[in-house]
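Quick look at run-v1.tsv (TSV, C-alpha atoms and all ligand atoms):
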chain	number	residue	atom	x	y	z
A	1	MET	CA	236.14	-73.89	-7.40
A	2	THR	CA	234.72	-75.32	-10.60
A	3	ASP	CA	231.97	-73.33	-12.29
A	4	HIS	CA	229.20	-74.88	-14.30
A	5	PRO	CA	226.32	-72.51	-13.71
A	6	GLY	CA	222.76	-73.65	-13.97
A	7	THR	CA	223.60	-77.14	-15.16
A	8	GLU	CA	223.48	-79.08	-11.92
A	9	PRO	CA	220.18	-79.90	-10.23
A	10	PHE	CA	220.15	-79.46	-6.48
A	11	PRO	CA	221.31	-82.84	-5.16
A	12	ASP	CA	219.30	-84.77	-2.58
A	13	ASP	CA	222.30	-85.21	-0.29
A	14	VAL	CA	222.77	-81.43	-0.08
A	15	VAL	CA	219.08	-80.94	0.70
A	16	MET	CA	219.26	-83.67	3.34
A	17	THR	CA	222.32	-82.13	4.99
A	18	LEU	CA	220.85	-78.62	5.01
A	19	THR	CA	217.51	-79.75	6.42
A	20	HIS	CA	219.37	-81.75	9.06
A	21	LEU	CA	221.61	-78.87	10.13
A	22	LEU	CA	219.18	-75.95	9.97
A	23	ARG	CA	216.78	-75.76	12.90
A	24	PRO	CA	213.21	-74.50	12.55
A	25	ASP	CA	213.30	-73.06	16.09
A	26	ASP	CA	215.73	-70.31	14.99
A	27	PRO	CA	214.27	-67.43	12.88
A	28	VAL	CA	217.40	-67.12	10.72
A	29	GLN	CA	217.59	-70.85	10.08
A	30	THR	CA	213.83	-71.03	9.39
A	31	ALA	CA	214.26	-68.42	6.63
A	32	LEU	CA	217.21	-70.35	5.19
A	33	LEU	CA	215.21	-73.59	5.22
A	34	ALA	CA	212.53	-71.84	3.13
A	35	GLN	CA	215.19	-70.90	0.55
A	36	ILE	CA	216.24	-74.49	-0.16
A	37	PRO	CA	213.74	-75.10	-3.02
A	38	HIS	CA	215.19	-72.04	-4.83
A	39	VAL	CA	218.86	-72.95	-4.52
A	40	THR	CA	221.00	-74.37	-7.32
A	41	ILE	CA	224.63	-75.43	-7.32
A	42	LYS	CA	226.93	-72.70	-8.61
A	43	GLY	CA	230.14	-74.66	-8.20
A	44	ARG	CA	232.07	-77.21	-6.24
A	45	CYS	CA	235.41	-77.08	-4.51
A	46	GLY	CA	238.27	-77.79	-6.89
A	47	CYS	CA	240.00	-80.17	-4.46
A	48	GLY	CA	237.34	-82.86	-4.90
A	49	CYS	CA	235.77	-82.53	-1.47
A	50	ALA	CA	232.01	-82.32	-0.96
A	51	THR	CA	232.00	-78.52	-0.47
A	52	VAL	CA	229.35	-76.86	-2.69
A	53	TYR	CA	228.65	-73.22	-3.55
A	54	PHE	CA	225.07	-72.07	-3.99
A	55	ASP	CA	223.25	-69.87	-6.40
A	56	LEU	CA	219.91	-68.50	-5.29
A	57	ASP	CA	217.09	-66.63	-6.98
A	58	THR	CA	217.02	-63.84	-4.41
A	59	GLY	CA	213.87	-62.39	-5.96
A	60	ALA	CA	211.96	-65.54	-5.05
A	61	VAL	CA	212.80	-65.77	-1.36
A	62	MET	CA	212.99	-63.67	1.79
A	63	PRO	CA	216.47	-63.14	3.23
A	64	GLY	CA	217.07	-64.47	6.71
A	65	PRO	CA	217.05	-61.76	9.41
A	66	ILE	CA	220.82	-61.79	9.78
A	67	ASP	CA	222.83	-58.90	11.19
A	68	PRO	CA	225.30	-58.01	8.36
A	69	ALA	CA	228.06	-57.82	10.96
A	70	ARG	CA	227.38	-61.38	12.01
A	71	HIS	CA	229.79	-64.11	10.97
A	72	PRO	CA	228.44	-65.91	7.87
A	73	LEU	CA	228.56	-69.29	9.64
A	74	VAL	CA	224.96	-70.21	10.52
A	75	ALA	CA	225.06	-73.93	11.35
A	76	GLU	CA	227.63	-76.66	11.89
A	77	ALA	CA	228.01	-80.23	12.99
A	78	GLY	CA	230.82	-82.69	13.48
A	79	ILE	CA	231.25	-85.60	11.08
A	80	VAL	CA	231.86	-88.90	12.87
A	81	GLY	CA	232.87	-92.33	11.62
A	82	PRO	CA	231.17	-95.68	12.28
A	83	CYS	CA	232.57	-95.83	15.84
A	84	GLY	CA	231.87	-92.19	16.63
A	85	GLU	CA	235.42	-91.12	15.82
A	86	PRO	CA	235.65	-87.49	14.66
A	87	LEU	CA	236.43	-87.22	10.94
A	88	GLY	CA	235.69	-83.58	10.23
A	89	GLU	CA	232.89	-81.11	10.23
A	90	VAL	CA	230.26	-79.65	7.94
A	91	LEU	CA	229.42	-75.94	8.00
A	92	VAL	CA	226.58	-73.90	6.50
A	93	PHE	CA	227.30	-70.30	5.50
A	94	ALA	CA	224.88	-67.51	4.55
A	95	ARG	CA	225.70	-64.10	3.10
A	96	ASP	CA	223.29	-61.14	3.33
A	97	GLY	CA	220.64	-63.50	4.67
A	98	TYR	CA	220.89	-65.97	1.79
A	99	LEU	CA	222.25	-69.50	1.74
A	100	SER	CA	225.73	-69.21	0.29
A	101	TRP	CA	227.77	-72.37	0.66
A	102	LEU	CA	228.11	-75.69	2.44
A	103	GLU	CA	231.64	-76.52	3.49
A	104	VAL	CA	233.03	-79.92	4.39
A	105	CYS	CA	236.29	-80.03	6.37
A	106	SER	CA	238.38	-83.08	7.13
A	107	TRP	CA	240.51	-83.42	10.26
A	108	SER	CA	242.97	-85.60	8.35
A	109	ASP	CA	244.65	-85.55	4.94
A	110	ALA	CA	241.82	-87.71	3.61
A	111	THR	CA	239.41	-85.65	1.51
A	112	ILE	CA	235.73	-86.11	2.39
A	113	ARG	CA	234.26	-86.47	-1.09
A	114	THR	CA	230.64	-87.18	-0.29
A	115	LEU	CA	228.35	-85.60	2.26
A	116	PRO	CA	227.89	-87.85	5.28
A	117	SER	CA	224.47	-89.31	6.03
A	118	PRO	CA	222.60	-87.52	8.85
A	119	ASP	CA	223.40	-90.31	11.33
A	120	ARG	CA	227.09	-89.43	10.90
A	121	LEU	CA	226.48	-85.81	11.81
A	122	GLU	CA	226.86	-84.87	15.43
A	123	PRO	CA	225.60	-81.48	16.59
A	124	TYR	CA	228.18	-79.59	18.62
A	125	GLY	CA	227.35	-79.01	22.25
A	126	ARG	CA	226.24	-82.60	22.83
A	127	THR	CA	227.75	-84.26	25.90
A	128	ARG	CA	230.96	-86.05	25.03
A	129	VAL	CA	232.23	-89.08	26.84
A	130	ASN	CA	235.45	-89.54	24.91
A	131	PRO	CA	238.24	-87.14	26.01
A	132	ASP	CA	239.97	-87.52	22.64
A	133	ILE	CA	236.90	-86.13	20.95
A	134	ASP	CA	236.89	-83.19	23.37
A	135	ALA	CA	240.49	-82.48	22.35
A	136	VAL	CA	239.48	-82.38	18.70
A	137	GLN	CA	236.63	-80.01	19.57
A	138	GLY	CA	239.14	-77.67	21.19
A	139	THR	CA	241.12	-77.62	17.95
A	140	SER	CA	237.91	-76.93	16.07
A	141	ALA	CA	237.13	-73.90	18.23
A	142	ILE	CA	240.52	-72.39	17.43
A	143	ARG	CA	240.05	-73.08	13.75
A	144	ALA	CA	236.61	-71.45	13.67
A	145	ASP	CA	238.17	-68.18	14.83
A	146	ASP	CA	240.57	-68.31	11.92
A	147	PHE	CA	237.76	-68.28	9.36
A	148	GLY	CA	237.97	-65.09	7.32
A	149	THR	CA	234.74	-63.27	6.54
B	1	ZN	ZN	237.71	-78.83	-1.15

Would you give me this structure, written as structure tokens?
Ligand SMILES: [Zn+2]
Amino acid sequence: MTDHPGTEPFPDDVVMTLTHLLRPDDPVQTALLAQIPHVTIKGRCGCGCATVYFDLDTGAVMPGPIDPARHPLVAEAGIVGPCGEPLGEVLVFARDGYLSWLEVCSWSDATIRTLPSPDRLEPYGRTRVNPDIDAVQGTSAIRADDFGT
């Protein structure tokens, strides 16, 4: 991860992705949505992918009502290509009730360097018609369990 604290304004594409993934009907996600104006970029992943790490003025916001024992993953969606083919996924993590990082994973060796537009994000749990996509989802479920906390 590359550090350049305080120098990078919060990019529009990160705001767009967070507001697309976080749902106002969930109390935790509502609190995280309210934190967005106070978030800055603390660093980016060193591999060149679109993963970003957040810094947050915790004195300015309320933490989300998150059980500390809960897994830090709070929201996720699949990334699909122009024909709906699965390319990867994007994940939102919070620590101690505060937005912490946004992770972009690729299913292939190709690095996803920019955040996908919201129309390329597919919430999990939606009905799938393509069995190949279901197979990829199965892989994703196994991977999610491997995430360290
Ligand atoms: Zn990376």

For Ser106 of chain A, which of A:Ala75, A:Ala50, A:Arg120, A:Val92 is the closest residue, counting only C-alpha atoms? A:Ala50

Per residue of chain A within 10 Å of ligand ZN 1 (chain B), which atom pair is closest and at what distance in Å (one decimal), using all atoms listed in the file, listed by chain and increasing number, as JSON lines?
{"residue": "A:Met1", "atom": "CA", "partner": "B:ZN1", "partner_atom": "ZN", "distance": 8.1}
{"residue": "A:Arg44", "atom": "CA", "partner": "B:ZN1", "partner_atom": "ZN", "distance": 7.8}
{"residue": "A:Cys45", "atom": "CA", "partner": "B:ZN1", "partner_atom": "ZN", "distance": 4.4}
{"residue": "A:Gly46", "atom": "CA", "partner": "B:ZN1", "partner_atom": "ZN", "distance": 5.9}
{"residue": "A:Cys47", "atom": "CA", "partner": "B:ZN1", "partner_atom": "ZN", "distance": 4.2}
{"residue": "A:Gly48", "atom": "CA", "partner": "B:ZN1", "partner_atom": "ZN", "distance": 5.5}
{"residue": "A:Cys49", "atom": "CA", "partner": "B:ZN1", "partner_atom": "ZN", "distance": 4.2}
{"residue": "A:Ala50", "atom": "CA", "partner": "B:ZN1", "partner_atom": "ZN", "distance": 6.7}
{"residue": "A:Thr51", "atom": "CA", "partner": "B:ZN1", "partner_atom": "ZN", "distance": 5.8}
{"residue": "A:Val52", "atom": "CA", "partner": "B:ZN1", "partner_atom": "ZN", "distance": 8.7}
{"residue": "A:Glu103", "atom": "CA", "partner": "B:ZN1", "partner_atom": "ZN", "distance": 8.0}
{"residue": "A:Val104", "atom": "CA", "partner": "B:ZN1", "partner_atom": "ZN", "distance": 7.3}
{"residue": "A:Cys105", "atom": "CA", "partner": "B:ZN1", "partner_atom": "ZN", "distance": 7.7}
{"residue": "A:Ser106", "atom": "CA", "partner": "B:ZN1", "partner_atom": "ZN", "distance": 9.3}
{"residue": "A:Thr111", "atom": "CA", "partner": "B:ZN1", "partner_atom": "ZN", "distance": 7.5}
{"residue": "A:Ile112", "atom": "CA", "partner": "B:ZN1", "partner_atom": "ZN", "distance": 8.3}
{"residue": "A:Arg113", "atom": "CA", "partner": "B:ZN1", "partner_atom": "ZN", "distance": 8.4}

What box, with edges along x, y and z, holds each listed atom of segment 44-63 of chain A when 8 Å is added on every side, and can you state its centre and edge lengths in Å to one decimal, as AutoDock Vina command-line options?
--center_x 226.0 --center_y -72.6 --center_z -1.9 --size_x 44.0 --size_y 36.5 --size_z 26.2

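Atom CA of Arg23 of chain A lies 17.9 Å from atom CA of Arg70 of chain A.
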
For a quick check of your reading of the model, name the residues lying within 9 Å of the coordinate (223.7, -89.1, -1.0), counting all atoms listed in the file, and write them as a VMD selection string. chain A and resid 11 to 14 16 114 to 117

Selection file, C-alpha atoms, as a short mmCIF file (atom, residue, chain, number, x, y, z; two decimals), in the frame of the given file:
data_model
loop_
_atom_site.label_atom_id
_atom_site.label_comp_id
_atom_site.auth_asym_id
_atom_site.auth_seq_id
_atom_site.Cartn_x
_atom_site.Cartn_y
_atom_site.Cartn_z
CA PRO A 11 221.31 -82.84 -5.16
CA ASP A 12 219.30 -84.77 -2.58
CA ASP A 13 222.30 -85.21 -0.29
CA VAL A 14 222.77 -81.43 -0.08
CA MET A 16 219.26 -83.67 3.34
CA THR A 114 230.64 -87.18 -0.29
CA LEU A 115 228.35 -85.60 2.26
CA PRO A 116 227.89 -87.85 5.28
CA SER A 117 224.47 -89.31 6.03
#

Could you jot down the atom CA of Pro63 of chain A to atom CA of Ile79 of chain A separation for me, Å, one decimal place? 28.0 Å

Quick one: of A:Cys83, A:Leu121, A:Ile66, A:Val15, who's nearest to Ile36 of chain A, counting all atoms listed in the file? A:Val15

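Taking atom CA of Leu33 of chain A and atom CA of Leu73 of chain A as the two end points, the separation is 14.7 Å.
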
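Closest approach to Thr58 of chain A from the set A:Pro123, A:Pro86, A:Gly81, A:Pro37 is made by A:Pro37, with distances taken over only C-alpha atoms.
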
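Of the listed residues A:Asp109, A:Asp96, A:Glu89, A:Glu122, the one whose atoms come nearest to Leu32 of chain A is A:Asp96, with distances taken using all atoms listed in the file.
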
Nearest residue to Leu99 of chain A from the set A:Val61, A:Leu87, A:Leu56, A:Ile41 (distances using all atoms listed in the file): A:Leu56

Considering all atoms listed in the file, state which residue in the set A:Leu91, A:Val28, A:Ala69, A:Ala77 is at the smallest distance from Pro118 of chain A. A:Ala77
